Amino acid sequence: MTEKLTKIRFFIDYEKEEQWVNDMSQQGWHLVKLGFGYFIFEKGLPGEYIYRNEMLAGFRKKDNSKEYIEFLKDTGVELVTKYMTWVYFRKKTEEGPFELYTDFTSKIQYINRILYLFLLLFLVNFYFGITNVFNVFNHNSNVTYTIGIFNLLVSLIFVYPLFLLFKRRNDLKSKLTIFHD
Amino acid sequence: MSERPPLTEGVYYILLSLYEPRHGYGIIQLTEEMTKGRVKLGAGTIYGAIKTLLDRGLIQPVDDDGRKKEYVITSEGKQMVEHEISRLMELFENGIRITRGDKID
């Protein structure tokens, strides 16, 4: 039986999370499963894999995830684990550098995919938070108020990630004014 | 600016790679080989670019029962590459002429 390790972690920044998963891999703990706030690792050779995470479908009209995963498989990329719309891919380190997005244009497109989804989630929760807390619709109950507070808390969670995404997008865009890609 | 803006390096090499039918991995390998390892195209980048190039009719899928999808450049795609080559020639010649200290006509 392979040795296993479970870690409970919450990351607000998906890039930091990916970095941490790669650090774990450097120590010989390779991610095999991802869930809500938990990560399961298996013992293996230190630094055997490079991991990349990705948010698959934002709200693109068609969900191409299956086709995309097949495409990646053909290029030697292994799908490790999927939780909701988040996935982890990995590739053996000996096969050379592994990045999913390698030019500014595609990096910006990927950031937009996450950005728009987070922005929607933020706005929806913020809207219902405000309307529920201030009882705009005149349902006079504590339940509405509690739900409102909950909505506001959820919207608050998205503030910092949104700030990071806007910042990263701007950095990339400013590079595009000098460099082509 | 002309009506045809410059191609990205990735798109340029994808189109070049598809003068013969290839699948995604083939494109990555050939591009890496042609640029002696300088340009390593990410699979996510290629996937997105292939979708766009298909939509614009610059490449097309090759009919094949194989599991791996292969693509090939269309005549519109070839025109695009030709146009890009003349643009690059102009860039190259102007660059050489000025940096090597020749007089500008």
# chains A, B, ... in the order shown; residues from 1 in each chain; ligands from 1
>>> closest_atom_pairs(of="chain B", to="chain A", cutoff="10 Å", atoms="only C-alpha atoms", output="tab-separated table")
residue	atom	partner	partner_atom	distance
B:Pro6	CA	A:His180	CA	8.6
B:Leu7	CA	A:His180	CA	8.8
B:Thr8	CA	A:Asp181	CA	6.3
B:Glu9	CA	A:Asp181	CA	7.1
B:Gly10	CA	A:Asp103	CA	7.8
B:His23	CA	A:Asp74	CA	8.6
B:Gly24	CA	A:Thr75	CA	6.8
B:Tyr25	CA	A:Thr75	CA	4.8
B:Gly26	CA	A:Thr75	CA	8.5
B:Ile27	CA	A:Thr75	CA	9.8
B:Ile28	CA	A:Thr75	CA	8.3
B:Gln29	CA	A:Thr75	CA	9.5
B:Val39	CA	A:Thr102	CA	8.9
B:Lys40	CA	A:Thr102	CA	7.5
B:Leu41	CA	A:Thr102	CA	5.9
B:Gly42	CA	A:Leu100	CA	4.5
B:Ala43	CA	A:Leu100	CA	5.3
B:Gly44	CA	A:Leu100	CA	4.6
B:Thr45	CA	A:Tyr101	CA	4.9
B:Ile46	CA	A:Tyr101	CA	8.3
B:Tyr47	CA	A:Tyr68	CA	7.3
B:Gly48	CA	A:Ser106	CA	7.5
B:Ala49	CA	A:Ser106	CA	8.4
B:Arg67	CA	A:Asp74	CA	9.5
B:Lys68	CA	A:Asp74	CA	7.2
B:Lys69	CA	A:Phe71	CA	8.5
>>> write_last_selection(atoms="N, CA and C atoms", output="compact mmCIF listing (two decimals), in the first residue's frame")
# COMPACT_ATOMS: atom_id res chain seq x y z
N PRO B 6 0.18 41.54 -37.34
CA PRO B 6 1.16 40.46 -37.22
C PRO B 6 0.58 39.24 -36.51
N LEU B 7 1.03 38.06 -36.90
CA LEU B 7 0.61 36.83 -36.22
C LEU B 7 1.42 36.67 -34.94
N THR B 8 0.84 36.01 -33.96
CA THR B 8 1.64 35.69 -32.78
C THR B 8 2.61 34.59 -33.17
N GLU B 9 3.69 34.50 -32.43
CA GLU B 9 4.71 33.49 -32.71
C GLU B 9 4.09 32.09 -32.70
N GLY B 10 3.22 31.88 -31.71
CA GLY B 10 2.55 30.58 -31.59
C GLY B 10 1.74 30.25 -32.83
N HIS B 23 -1.16 16.33 -35.41
CA HIS B 23 -2.01 16.53 -34.23
C HIS B 23 -1.28 17.47 -33.26
N GLY B 24 -1.95 17.78 -32.16
CA GLY B 24 -1.42 18.77 -31.22
C GLY B 24 0.02 18.52 -30.80
N TYR B 25 0.29 17.29 -30.41
CA TYR B 25 1.63 16.99 -29.91
C TYR B 25 2.68 17.16 -31.00
N GLY B 26 2.29 16.79 -32.23
CA GLY B 26 3.19 16.95 -33.38
C GLY B 26 3.57 18.41 -33.58
N ILE B 27 2.59 19.30 -33.39
CA ILE B 27 2.84 20.74 -33.54
C ILE B 27 3.85 21.20 -32.48
N ILE B 28 3.62 20.77 -31.24
CA ILE B 28 4.52 21.16 -30.14
C ILE B 28 5.94 20.71 -30.43
N GLN B 29 6.08 19.43 -30.86
CA GLN B 29 7.41 18.87 -31.10
C GLN B 29 8.12 19.57 -32.24
N VAL B 39 10.98 27.99 -28.46
CA VAL B 39 9.53 28.12 -28.34
C VAL B 39 8.92 26.78 -27.94
N LYS B 40 8.46 26.71 -26.67
CA LYS B 40 7.76 25.52 -26.21
C LYS B 40 6.31 25.91 -26.01
N LEU B 41 5.45 25.49 -26.90
CA LEU B 41 4.05 25.88 -26.83
C LEU B 41 3.31 25.06 -25.78
N GLY B 42 2.60 25.74 -24.89
CA GLY B 42 1.80 25.06 -23.89
C GLY B 42 0.57 24.43 -24.53
N ALA B 43 0.15 23.30 -23.99
CA ALA B 43 -0.99 22.59 -24.58
C ALA B 43 -2.27 23.41 -24.52
N GLY B 44 -2.44 24.20 -23.46
CA GLY B 44 -3.62 25.05 -23.34
C GLY B 44 -3.62 26.14 -24.40
N THR B 45 -2.45 26.71 -24.62
CA THR B 45 -2.30 27.75 -25.64
C THR B 45 -2.62 27.20 -27.03
N ILE B 46 -2.05 26.02 -27.34
CA ILE B 46 -2.29 25.40 -28.65
C ILE B 46 -3.76 25.06 -28.84
N TYR B 47 -4.37 24.50 -27.80
CA TYR B 47 -5.77 24.10 -27.91
C TYR B 47 -6.64 25.30 -28.27
N GLY B 48 -6.43 26.41 -27.57
CA GLY B 48 -7.20 27.62 -27.84
C GLY B 48 -6.94 28.16 -29.24
N ALA B 49 -5.66 28.15 -29.64
CA ALA B 49 -5.29 28.66 -30.96
C ALA B 49 -5.91 27.80 -32.07
N ARG B 67 -7.87 8.10 -33.30
CA ARG B 67 -8.37 8.75 -32.10
C ARG B 67 -7.84 10.18 -32.00
N LYS B 68 -6.56 10.33 -32.36
CA LYS B 68 -5.96 11.66 -32.30
C LYS B 68 -6.40 12.48 -33.49
N LYS B 69 -6.90 13.67 -33.23
CA LYS B 69 -7.34 14.54 -34.30
C LYS B 69 -6.16 15.21 -34.98
>>> residues_around(residues="range 162-166 of chain A", least_positions_apart="3", cutoff="12 Å", atoms="only C-alpha atoms", output="PyMOL selection string")
chain A and resi 12-16+107-123+155-159+169-173
>>> write_last_selection(atoms="N, CA and C atoms", output="mmCIF file, in the first residue's frame")
data_model
loop_
_atom_site.group_PDB
_atom_site.id
_atom_site.type_symbol
_atom_site.label_atom_id
_atom_site.label_comp_id
_atom_site.auth_asym_id
_atom_site.auth_seq_id
_atom_site.Cartn_x
_atom_site.Cartn_y
_atom_site.Cartn_z
ATOM 1 N N ILE A 12 -6.743 31.184 -1.076
ATOM 2 C CA ILE A 12 -7.521 32.245 -1.691
ATOM 3 C C ILE A 12 -6.928 32.561 -3.066
ATOM 4 N N ASP A 13 -5.668 32.130 -3.260
ATOM 5 C CA ASP A 13 -4.955 32.390 -4.509
ATOM 6 C C ASP A 13 -4.577 31.056 -5.152
ATOM 7 N N TYR A 14 -5.187 30.785 -6.327
ATOM 8 C CA TYR A 14 -4.957 29.481 -6.952
ATOM 9 C C TYR A 14 -3.507 29.284 -7.397
ATOM 10 N N GLU A 15 -2.764 30.393 -7.641
ATOM 11 C CA GLU A 15 -1.356 30.249 -8.020
ATOM 12 C C GLU A 15 -0.504 29.816 -6.830
ATOM 13 N N LYS A 16 -0.854 30.344 -5.649
ATOM 14 C CA LYS A 16 -0.142 29.941 -4.426
ATOM 15 C C LYS A 16 -0.415 28.471 -4.148
ATOM 16 N N LYS A 107 -2.642 33.632 -21.840
ATOM 17 C CA LYS A 107 -2.666 33.802 -20.384
ATOM 18 C C LYS A 107 -3.776 34.781 -19.988
ATOM 19 N N ILE A 108 -3.909 35.861 -20.769
ATOM 20 C CA ILE A 108 -4.956 36.847 -20.484
ATOM 21 C C ILE A 108 -6.340 36.217 -20.665
ATOM 22 N N GLN A 109 -6.483 35.423 -21.729
ATOM 23 C CA GLN A 109 -7.775 34.761 -21.957
ATOM 24 C C GLN A 109 -8.143 33.849 -20.791
ATOM 25 N N TYR A 110 -7.138 33.136 -20.288
ATOM 26 C CA TYR A 110 -7.401 32.230 -19.165
ATOM 27 C C TYR A 110 -7.798 33.020 -17.915
ATOM 28 N N ILE A 111 -7.079 34.105 -17.642
ATOM 29 C CA ILE A 111 -7.413 34.933 -16.484
ATOM 30 C C ILE A 111 -8.832 35.487 -16.621
ATOM 31 N N ASN A 112 -9.200 35.906 -17.825
ATOM 32 C CA ASN A 112 -10.553 36.413 -18.047
ATOM 33 C C ASN A 112 -11.614 35.384 -17.696
ATOM 34 N N ARG A 113 -11.344 34.123 -18.045
ATOM 35 C CA ARG A 113 -12.305 33.055 -17.763
ATOM 36 C C ARG A 113 -12.605 33.005 -16.261
ATOM 37 N N ILE A 114 -11.554 33.069 -15.446
ATOM 38 C CA ILE A 114 -11.741 33.020 -13.995
ATOM 39 C C ILE A 114 -12.359 34.329 -13.500
ATOM 40 N N LEU A 115 -11.828 35.430 -14.028
ATOM 41 C CA LEU A 115 -12.259 36.757 -13.613
ATOM 42 C C LEU A 115 -13.765 36.954 -13.778
ATOM 43 N N TYR A 116 -14.299 36.599 -14.937
ATOM 44 C CA TYR A 116 -15.722 36.816 -15.194
ATOM 45 C C TYR A 116 -16.587 35.968 -14.277
ATOM 46 N N LEU A 117 -16.154 34.725 -14.033
ATOM 47 C CA LEU A 117 -16.927 33.868 -13.142
ATOM 48 C C LEU A 117 -16.936 34.436 -11.717
ATOM 49 N N PHE A 118 -15.750 34.821 -11.235
ATOM 50 C CA PHE A 118 -15.648 35.367 -9.874
ATOM 51 C C PHE A 118 -16.438 36.670 -9.752
ATOM 52 N N LEU A 119 -16.366 37.489 -10.808
ATOM 53 C CA LEU A 119 -17.070 38.769 -10.794
ATOM 54 C C LEU A 119 -18.575 38.544 -10.689
ATOM 55 N N LEU A 120 -19.078 37.556 -11.433
ATOM 56 C CA LEU A 120 -20.501 37.240 -11.381
ATOM 57 C C LEU A 120 -20.891 36.778 -9.976
ATOM 58 N N LEU A 121 -20.085 35.851 -9.422
ATOM 59 C CA LEU A 121 -20.385 35.334 -8.089
ATOM 60 C C LEU A 121 -20.349 36.452 -7.054
ATOM 61 N N PHE A 122 -19.389 37.357 -7.221
ATOM 62 C CA PHE A 122 -19.295 38.487 -6.302
ATOM 63 C C PHE A 122 -20.544 39.366 -6.399
ATOM 64 N N LEU A 123 -20.909 39.735 -7.623
ATOM 65 C CA LEU A 123 -22.025 40.662 -7.821
ATOM 66 C C LEU A 123 -23.352 40.077 -7.353
ATOM 67 N N SER A 155 -19.576 37.243 -0.750
ATOM 68 C CA SER A 155 -19.067 38.221 -1.722
ATOM 69 C C SER A 155 -17.716 38.773 -1.272
ATOM 70 N N LEU A 156 -17.549 38.893 0.044
ATOM 71 C CA LEU A 156 -16.289 39.389 0.603
ATOM 72 C C LEU A 156 -15.119 38.463 0.250
ATOM 73 N N ILE A 157 -15.405 37.142 0.237
ATOM 74 C CA ILE A 157 -14.364 36.158 -0.084
ATOM 75 C C ILE A 157 -13.764 36.407 -1.471
ATOM 76 N N PHE A 158 -14.593 36.954 -2.376
ATOM 77 C CA PHE A 158 -14.121 37.125 -3.747
ATOM 78 C C PHE A 158 -13.343 38.420 -3.978
ATOM 79 N N VAL A 159 -13.338 39.306 -2.981
ATOM 80 C CA VAL A 159 -12.710 40.614 -3.189
ATOM 81 C C VAL A 159 -11.212 40.492 -3.480
ATOM 82 N N ARG A 169 -3.873 40.577 -14.749
ATOM 83 C CA ARG A 169 -4.280 40.864 -16.117
ATOM 84 C C ARG A 169 -3.635 42.163 -16.608
ATOM 85 N N ASN A 170 -3.598 43.166 -15.727
ATOM 86 C CA ASN A 170 -2.983 44.440 -16.113
ATOM 87 C C ASN A 170 -1.492 44.289 -16.386
ATOM 88 N N ASP A 171 -0.809 43.500 -15.550
ATOM 89 C CA ASP A 171 0.624 43.265 -15.770
ATOM 90 C C ASP A 171 0.857 42.667 -17.149
ATOM 91 N N LEU A 172 0.040 41.673 -17.492
ATOM 92 C CA LEU A 172 0.201 41.012 -18.791
ATOM 93 C C LEU A 172 -0.110 41.981 -19.929
ATOM 94 N N LYS A 173 -1.179 42.763 -19.731
ATOM 95 C CA LYS A 173 -1.572 43.697 -20.792
ATOM 96 C C LYS A 173 -0.501 44.747 -21.035
#
>>> residues_around(residues="Glu70 in chain B", least_positions_apart="5", cutoff="7 Å", atoms="only C-alpha atoms", output="PyMOL selection string")
chain B and resi 21-23+61-62
>>> select_by_dssp(residues="range 1-102 of chain B", states="helix (DSSP H, G or I)", output="VMD selection string")
chain B and resid 9 to 17 24 to 34 43 to 55 75 to 99
>>> atom_distance(atom1="CA of Leu79 in chain A", atom2="CA of Pro161 in chain A")
24.9 Å
>>> atom_distance(atom1="CA of Lys167 in chain A", atom2="CA of Thr52 in chain B")
26.4 Å
>>> residues_around(residues="range 87-93 of chain B", least_positions_apart="3", cutoff="12 Å", atoms="only C-alpha atoms", output="list in words")
Met1, Ser2, Arg4, Pro5, Pro6, Leu7, Glu9, Tyr12, Met80, Val81, Glu82, His83, Glu84, Ile96, Arg97, Ile98, Thr99, Arg100, Asp102 and Ile104 of chain B
>>> atom_distance(atom1="CA of Pro46 in chain A", atom2="CA of Tyr88 in chain A")
18.0 Å
>>> closest_residue(among="A:Lys43, A:Leu34, A:Tyr145, A:Phe134", to="Thr85 in chain A", atoms="only C-alpha atoms")
A:Leu34
>>> decode(residues="range 57-89 of chain B", atoms="C-alpha atoms", output="PDB file, in the first residue's frame")
ATOM      1  CA  GLY B  57     -11.016  28.637 -41.694  1.00  0.00           C
ATOM      2  CA  LEU B  58      -7.223  28.894 -41.632  1.00  0.00           C
ATOM      3  CA  ILE B  59      -6.846  25.224 -40.767  1.00  0.00           C
ATOM      4  CA  GLN B  60      -9.165  22.238 -41.094  1.00  0.00           C
ATOM      5  CA  PRO B  61      -9.468  18.805 -39.497  1.00  0.00           C
ATOM      6  CA  VAL B  62      -8.193  15.844 -41.509  1.00  0.00           C
ATOM      7  CA  ASP B  63     -10.762  13.086 -42.031  1.00  0.00           C
ATOM      8  CA  ASP B  64      -9.407  10.180 -40.133  1.00  0.00           C
ATOM      9  CA  ASP B  65     -10.779   7.412 -37.932  1.00  0.00           C
ATOM     10  CA  GLY B  66      -7.766   7.655 -35.662  1.00  0.00           C
ATOM     11  CA  ARG B  67      -8.372   8.749 -32.100  1.00  0.00           C
ATOM     12  CA  LYS B  68      -5.961  11.660 -32.301  1.00  0.00           C
ATOM     13  CA  LYS B  69      -7.344  14.539 -34.304  1.00  0.00           C
ATOM     14  CA  GLU B  70      -5.099  15.807 -37.056  1.00  0.00           C
ATOM     15  CA  TYR B  71      -5.263  19.217 -38.690  1.00  0.00           C
ATOM     16  CA  VAL B  72      -3.938  20.703 -41.903  1.00  0.00           C
ATOM     17  CA  ILE B  73      -3.553  24.265 -43.207  1.00  0.00           C
ATOM     18  CA  THR B  74      -6.087  25.624 -45.747  1.00  0.00           C
ATOM     19  CA  SER B  75      -5.314  27.873 -48.743  1.00  0.00           C
ATOM     20  CA  GLU B  76      -6.491  30.885 -46.690  1.00  0.00           C
ATOM     21  CA  GLY B  77      -4.046  29.839 -44.006  1.00  0.00           C
ATOM     22  CA  LYS B  78      -1.226  29.589 -46.544  1.00  0.00           C
ATOM     23  CA  GLN B  79      -2.018  33.099 -47.797  1.00  0.00           C
ATOM     24  CA  MET B  80      -1.784  34.314 -44.232  1.00  0.00           C
ATOM     25  CA  VAL B  81       1.645  32.702 -43.812  1.00  0.00           C
ATOM     26  CA  GLU B  82       2.917  34.150 -47.121  1.00  0.00           C
ATOM     27  CA  HIS B  83       1.793  37.584 -46.033  1.00  0.00           C
ATOM     28  CA  GLU B  84       3.507  37.171 -42.687  1.00  0.00           C
ATOM     29  CA  ILE B  85       6.752  36.066 -44.345  1.00  0.00           C
ATOM     30  CA  SER B  86       6.887  39.240 -46.475  1.00  0.00           C
ATOM     31  CA  ARG B  87       6.221  41.312 -43.369  1.00  0.00           C
ATOM     32  CA  LEU B  88       9.041  39.525 -41.522  1.00  0.00           C
ATOM     33  CA  MET B  89      11.359  40.029 -44.539  1.00  0.00           C
TER      34      MET B  89
END
